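Undergrad: Please find structure01.cif (mmCIF, C-alpha atoms) on the next line:
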data_start
loop_
_atom_site.label_atom_id
_atom_site.label_comp_id
_atom_site.auth_asym_id
_atom_site.auth_seq_id
_atom_site.Cartn_x
_atom_site.Cartn_y
_atom_site.Cartn_z
CA MET F 1 21.70 28.46 17.81
CA ALA F 2 20.80 25.16 19.26
CA ILE F 3 20.85 23.70 22.72
CA ASP F 4 22.46 20.26 23.01
CA VAL F 5 20.08 17.97 24.93
CA ARG F 6 21.42 14.62 26.20
CA ILE F 7 18.78 11.93 26.31
CA PRO F 8 19.04 9.01 28.78
CA THR F 9 18.58 5.42 27.65
CA ILE F 10 15.07 5.16 29.07
CA LEU F 11 13.83 8.10 26.94
CA ARG F 12 15.58 7.19 23.70
CA PRO F 13 12.53 5.39 22.35
CA TYR F 14 11.04 8.90 22.02
CA THR F 15 13.98 10.23 20.03
CA GLY F 16 14.35 7.32 17.65
CA GLY F 17 17.32 6.07 19.65
CA GLU F 18 19.24 9.34 19.52
CA ARG F 19 21.46 9.99 22.56
CA SER F 20 21.64 13.69 21.87
CA VAL F 21 19.22 16.02 20.10
CA ASP F 22 19.12 19.74 19.33
CA GLY F 23 16.58 21.87 21.12
CA ASN F 24 15.52 25.50 20.97
CA GLY F 25 14.25 27.85 23.62
CA SER F 26 15.39 30.39 26.16
CA THR F 27 14.29 28.42 29.24
CA VAL F 28 14.30 24.72 30.10
CA SER F 29 10.53 24.79 29.87
CA ALA F 30 10.65 26.22 26.35
CA VAL F 31 13.22 23.64 25.26
CA ILE F 32 10.98 20.85 26.59
CA GLU F 33 8.05 22.29 24.62
CA ASP F 34 10.23 22.33 21.55
CA LEU F 35 11.19 18.68 22.09
CA GLU F 36 7.57 17.73 22.68
CA GLY F 37 6.73 19.10 19.23
CA ARG F 38 9.06 16.56 17.64
CA PHE F 39 9.10 13.76 20.22
CA ALA F 40 5.52 13.55 21.41
CA GLY F 41 5.15 12.19 24.91
CA ILE F 42 8.56 13.18 26.20
CA ARG F 43 7.25 16.14 28.20
CA GLU F 44 5.07 13.94 30.38
CA ARG F 45 8.15 11.93 31.35
CA LEU F 46 9.89 15.07 32.57
CA VAL F 47 7.17 17.29 33.98
CA ASP F 48 4.62 16.35 36.64
CA GLU F 49 0.96 17.33 37.03
CA THR F 50 1.86 20.49 38.94
CA GLY F 51 4.13 21.70 36.15
CA GLY F 52 7.39 21.01 38.02
CA VAL F 53 10.24 18.65 37.26
CA ARG F 54 9.32 15.07 38.13
CA ARG F 55 10.68 14.02 41.50
CA PHE F 56 12.82 11.21 40.11
CA VAL F 57 14.15 13.00 37.05
CA ASN F 58 17.21 15.23 37.17
CA ILE F 59 17.78 17.98 34.62
CA TYR F 60 21.07 19.86 34.48
CA VAL F 61 21.93 23.00 32.54
CA ASN F 62 25.67 23.29 32.09
CA ASP F 63 26.19 20.86 34.98
CA GLU F 64 23.86 22.67 37.41
CA ASP F 65 20.84 20.78 38.73
CA ILE F 66 17.94 23.07 37.79
CA ARG F 67 16.29 22.41 41.17
CA PHE F 68 18.81 24.89 42.52
CA THR F 69 18.64 27.41 39.69
CA GLY F 70 14.94 28.13 39.22
CA GLY F 71 13.51 24.84 38.03
CA LEU F 72 11.95 24.75 34.59
CA ASP F 73 12.23 28.55 34.38
CA THR F 74 16.01 28.25 34.41
CA GLU F 75 17.40 30.24 31.50
CA VAL F 76 19.30 28.47 28.77
CA ALA F 77 21.81 30.34 26.66
CA ASP F 78 22.68 29.48 23.07
CA GLY F 79 25.17 26.66 22.99
CA ALA F 80 24.22 25.36 26.43
CA THR F 81 24.07 21.68 27.25
CA ILE F 82 21.06 20.15 28.96
CA VAL F 83 21.57 16.72 30.50
CA ILE F 84 18.56 14.63 31.54
CA LEU F 85 19.23 11.76 33.95
CA PRO F 86 16.74 9.55 35.70
CA ALA F 87 17.35 9.33 39.43
CA VAL F 88 18.94 6.13 40.69
CA ALA F 89 16.78 5.46 43.70
CA GLY F 90 14.57 2.91 45.39
CA GLY F 91 13.51 1.54 48.70
CA MET W 1 22.38 -14.31 33.98
CA LEU W 2 24.75 -11.99 35.79
CA THR W 3 28.41 -12.94 35.59
CA ILE W 4 30.47 -11.06 38.17
CA ASP W 5 33.96 -11.49 39.51
CA ARG W 6 34.39 -12.46 43.10
CA ALA W 7 36.31 -9.37 44.17
CA ILE W 8 33.50 -7.10 43.01
CA ARG W 9 30.80 -9.32 44.51
CA ASP W 10 32.68 -9.22 47.81
CA ALA W 11 33.11 -5.44 47.61
CA ILE W 12 29.35 -4.98 47.22
CA VAL W 13 28.70 -7.28 50.19
CA GLU W 14 31.23 -5.42 52.33
CA HIS W 15 29.75 -2.05 51.43
CA ALA W 16 26.31 -3.27 52.50
CA ARG W 17 27.59 -4.79 55.76
CA ARG W 18 29.45 -1.62 56.61
CA ASP W 19 26.60 0.82 55.95
CA HIS W 20 23.98 -1.26 57.76
CA PRO W 21 21.42 -0.26 59.04
CA ASP W 22 21.31 2.36 56.28
CA GLU W 23 20.86 1.11 52.75
CA ALA W 24 24.06 1.03 50.71
CA CYS W 25 24.04 1.69 46.96
CA GLY W 26 26.30 1.94 43.97
CA VAL W 27 27.00 0.77 40.46
CA VAL W 28 29.45 -1.46 38.67
CA ALA W 29 30.27 0.08 35.34
CA GLY W 30 31.43 -1.85 32.31
CA LEU W 31 32.13 -1.23 28.65
CA VAL W 32 29.00 -0.49 26.64
CA GLY W 33 27.54 -3.71 25.27
CA SER W 34 29.98 -5.97 27.14
CA ASP W 35 27.58 -7.03 29.92
CA ARG W 36 30.73 -7.29 32.04
CA PRO W 37 30.78 -5.35 35.32
CA THR W 38 34.38 -4.22 35.85
CA ARG W 39 34.54 -0.87 37.67
CA PHE W 40 33.12 -0.87 41.20
CA VAL W 41 31.71 2.53 42.14
CA PRO W 42 30.19 2.72 45.63
CA MET W 43 27.90 5.72 45.90
CA LEU W 44 26.73 7.80 48.82
CA ASN W 45 23.14 7.15 49.79
CA ALA W 46 21.97 10.77 49.84
CA ALA W 47 18.77 9.67 51.60
CA MET W 48 20.84 8.20 54.48
CA SER W 49 17.90 5.99 55.27
CA THR W 50 17.21 2.46 56.44
CA THR W 51 14.35 2.16 53.93
CA PHE W 52 15.33 4.27 50.93
CA TYR W 53 18.31 5.04 48.74
CA GLU W 54 19.03 7.74 46.21
CA PHE W 55 22.22 8.88 44.52
CA ASP W 56 23.01 12.54 45.14
CA SER W 57 22.18 14.46 41.95
CA THR W 58 25.65 15.99 41.62
CA ASP W 59 27.32 12.60 42.14
CA LEU W 60 24.93 11.13 39.58
CA LEU W 61 25.95 13.64 36.91
CA ARG W 62 29.64 13.07 37.62
CA LEU W 63 29.18 9.30 37.44
CA TYR W 64 27.36 9.40 34.10
CA ARG W 65 29.93 11.81 32.67
CA GLU W 66 32.76 9.48 33.71
CA MET W 67 30.97 6.52 32.20
CA ASP W 68 30.40 8.44 28.95
CA ASP W 69 34.07 9.39 28.82
CA ASN W 70 35.08 5.75 29.36
CA ASP W 71 32.48 4.35 26.93
CA GLU W 72 30.87 2.61 29.90
CA GLU W 73 27.35 2.00 31.10
CA PRO W 74 25.92 0.90 34.45
CA VAL W 75 26.05 -2.88 34.04
CA VAL W 76 25.06 -3.42 37.68
CA ILE W 77 23.04 -1.12 39.94
CA TYR W 78 23.12 -2.43 43.47
CA HIS W 79 21.57 -1.58 46.80
CA SER W 80 20.92 -3.26 50.10
CA HIS W 81 17.84 -4.03 52.10
CA THR W 82 18.66 -4.02 55.76
CA ALA W 83 15.53 -5.54 57.31
CA THR W 84 13.88 -7.44 54.46
CA GLU W 85 14.80 -9.97 51.83
CA ALA W 86 16.94 -9.21 48.78
CA TYR W 87 13.98 -8.80 46.46
CA PRO W 88 12.94 -5.56 44.68
CA SER W 89 10.40 -3.58 46.70
CA ARG W 90 7.45 -1.83 45.10
CA THR W 91 9.46 1.38 45.24
CA ASP W 92 12.43 -0.31 43.56
CA ILE W 93 10.21 -1.50 40.76
CA SER W 94 8.46 1.81 40.16
CA LEU W 95 11.72 3.79 40.19
CA ALA W 96 13.86 1.42 38.09
CA GLN W 97 14.86 3.47 35.05
CA GLU W 98 17.81 1.58 33.57
CA PRO W 99 16.24 -1.25 31.56
CA GLY W 100 19.64 -2.59 30.50
CA ALA W 101 21.05 -2.94 34.02
CA HIS W 102 21.30 -5.92 36.32
CA TYR W 103 19.65 -4.79 39.55
CA VAL W 104 21.55 -6.46 42.36
CA LEU W 105 19.87 -6.64 45.76
CA VAL W 106 21.69 -7.73 48.87
CA SER W 107 20.20 -8.19 52.31
CA THR W 108 21.98 -7.61 55.58
CA ARG W 109 19.00 -8.58 57.73
CA ASP W 110 19.30 -11.06 60.57
CA GLY W 111 22.69 -9.87 61.79
CA ALA W 112 24.68 -10.21 58.58
CA ASP W 113 26.13 -6.74 59.06
CA VAL W 114 29.58 -5.96 60.44
CA SER W 115 28.39 -4.53 63.77
CA ALA W 116 26.35 -7.63 64.55
CA GLY W 117 29.38 -9.81 63.95
CA GLY W 118 27.83 -11.50 60.93
CA GLN W 119 29.86 -13.06 58.16
CA PRO W 120 29.92 -12.04 54.50
CA GLY W 121 28.43 -15.42 53.68
CA ASP W 122 25.30 -14.49 55.65
CA VAL W 123 24.44 -11.78 53.13
CA GLU W 124 21.88 -12.63 50.47
CA PHE W 125 23.04 -11.61 46.98
CA ARG W 126 20.52 -11.76 44.14
CA SER W 127 20.14 -10.19 40.72
CA PHE W 128 17.10 -9.06 38.76
CA ARG W 129 16.04 -7.43 35.54
CA ILE W 130 13.42 -4.75 36.05
CA VAL W 131 11.82 -3.66 32.79
CA ASP W 132 8.47 -1.86 32.46
CA GLY W 133 7.53 -2.85 35.99
CA GLN W 134 8.28 -6.54 35.39
CA VAL W 135 10.80 -8.23 37.69
CA THR W 136 12.73 -11.24 36.49
CA GLU W 137 15.22 -12.93 38.77
CA GLU W 138 18.35 -14.23 37.09
CA GLU W 139 21.14 -16.59 38.00
CA VAL W 140 24.31 -15.10 39.48
CA ARG W 141 27.55 -16.69 38.32
CA VAL W 142 30.61 -15.72 40.32
CA VAL W 143 33.94 -16.13 38.56
CA GLU W 144 37.48 -15.73 39.83
CA ARG W 145 38.39 -13.68 36.78
CA TYR W 146 36.47 -12.75 33.67
CA ASP W 147 39.07 -14.36 31.43
CA SER W 148 38.66 -17.62 33.29
CA GLU W 149 35.93 -20.16 32.85
CA SER W 150 36.19 -21.35 36.41
CA THR W 151 33.15 -20.70 38.51
CA LEU W 152 32.59 -20.97 42.19
CA PRO W 153 29.91 -23.24 43.49
CA GLN W 154 26.78 -21.21 44.01
CA ALA W 155 23.57 -22.00 45.77
CA PRO W 156 20.88 -22.44 43.14
CA ALA W 157 18.83 -19.33 42.55
CA VAL W 158 15.73 -19.37 44.69
CA GLN W 159 12.67 -19.39 42.50
CA GLY W 160 9.11 -18.64 43.36
CA VAL W 161 9.75 -17.02 46.71
CA PRO W 162 6.76 -14.89 47.61
CA PRO W 163 7.92 -11.32 47.35
CA GLU W 164 7.31 -10.02 50.83
CA SER W 165 8.46 -6.66 49.57
CA LEU W 166 5.26 -6.42 47.54
CA ARG W 167 3.36 -6.35 50.79
CA LYS W 168 5.63 -3.85 52.44
CA ALA W 169 7.06 -0.77 50.79
CA ASP W 170 10.60 -0.90 52.06
#
Before anything else, please render the file you have as structure tokens.

TA:
Amino acid sequence: MAIDVRIPTILRPYTGGERSVDGNGSTVSAVIEDLEGRFAGIRERLVDETGGVRRFVNIYVNDEDIRFTGGLDTEVADGATIVILPAVAGG
Amino acid sequence: MLTIDRAIRDAIVEHARRDHPDEACGVVAGLVGSDRPTRFVPMLNAAMSTTFYEFDSTDLLRLYREMDDNDEEPVVIYHSHTATEAYPSRTDISLAQEPGAHYVLVSTRDGADVSAGGQPGDVEFRSFRIVDGQVTEEEVRVVERYDSESTLPQAPAVQGVPPESLRKAD
């Protein structure tokens, strides 16, 4: 069963304009790998050089910011919703 | 060009004057595709900083969910600079991730804030597009109401001002 992944405007060029795509995997990391297989380049926009979530990207699993639930290792159950939102920030 | 009604423009200015010397931030949502900012949503600056702003991640999710439910998008994303001009800083440019938004910058420097006794008219209010690292200033047209054609007299947009924020990461 699929995971519903919500794609923000800035990343929709990777998904052919789709606001929402299906993903598969038992962790956020696995779902991102799955997306990368179909939407090449999207992983780099989400994951930094150290393998963590980019500082100015927020990823939520069922409304929980994954920074507080184990980062990219956060488990994702069938039918879960993953929301990706760029931070709104500046100086 | 950004067209914005006076009440919302004034609300942004007041938010900035009140939160000075911290940076104030928020959005004005509007119906998708309308380019019309109608719902003023001041946000908490989770950074609580004089040189940085960031929406709290939980607030951010709630905001985007509300906008989705209302068929809205962030037409305006605003924040204040409290010691420098109302021009996007290097940080603002590198972190801008809503290519469709009008990025409104206001400046409360030089005593324009409430505590210094400044007046709302002392606050600089400017609007920019920030797309792929490119900043383009745009005209701001203030209207009494969106259904009205009447516009208030506005100072002409300042063009070609050297961006001091490119020399200083504020």

Undergrad: With a cut-off of 7 Å and counting all atoms listed in the file, select all residues of chain F in contact with chain W and give the selection as a list in words.

TA: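 So the contacting residues turn out to be Ile10, Asn58, Pro86, Val88, Ala89, Gly90 and Gly91 of chain F.
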
Undergrad: Can you list what the PyMOL selection byres ((chain F and resi 46) around 9) grabs from this structure, as a PyMOL selection string?

TA: chain F and resi 32+42-45+47-48+52-54+56-59+84

Undergrad: So that I can see what lies close to Gly23 of chain F, please list as a VMD selection string the residues with an atom at most 12 Å from it, counting only C-alpha atoms and leaving out residues fewer than 2 positions away in the same chain.

TA: chain F and resid 1 to 7 15 20 to 21 25 to 39 76 to 83

Undergrad: Report as a list in words the residues that result from applying the PyMOL selection byres ((chain W and resi 6) around 7) to the structure here.

TA: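 Residues picked by the PyMOL selection byres ((chain W and resi 6) around 7): Ile4, Asp5, Ala7, Ile8, Arg9, Asp10, Val142, Val143 and Glu144 of chain W.
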
Undergrad: Which residue is closest to Val32 of chain W? Choose from W:Thr82, W:Ser127, W:Asn70, W:Gln134 and count all atoms listed in the file.

TA: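 Distance minimum relative to Val32 of chain W lands on W:Asn70.
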
Undergrad: Within 8 Å of (29.8, 1.6, 46.0) (file coordinates; only C-alpha atoms), which protein or nucleic acid residues are there? I'd like them as a count of residues only.

TA: 13
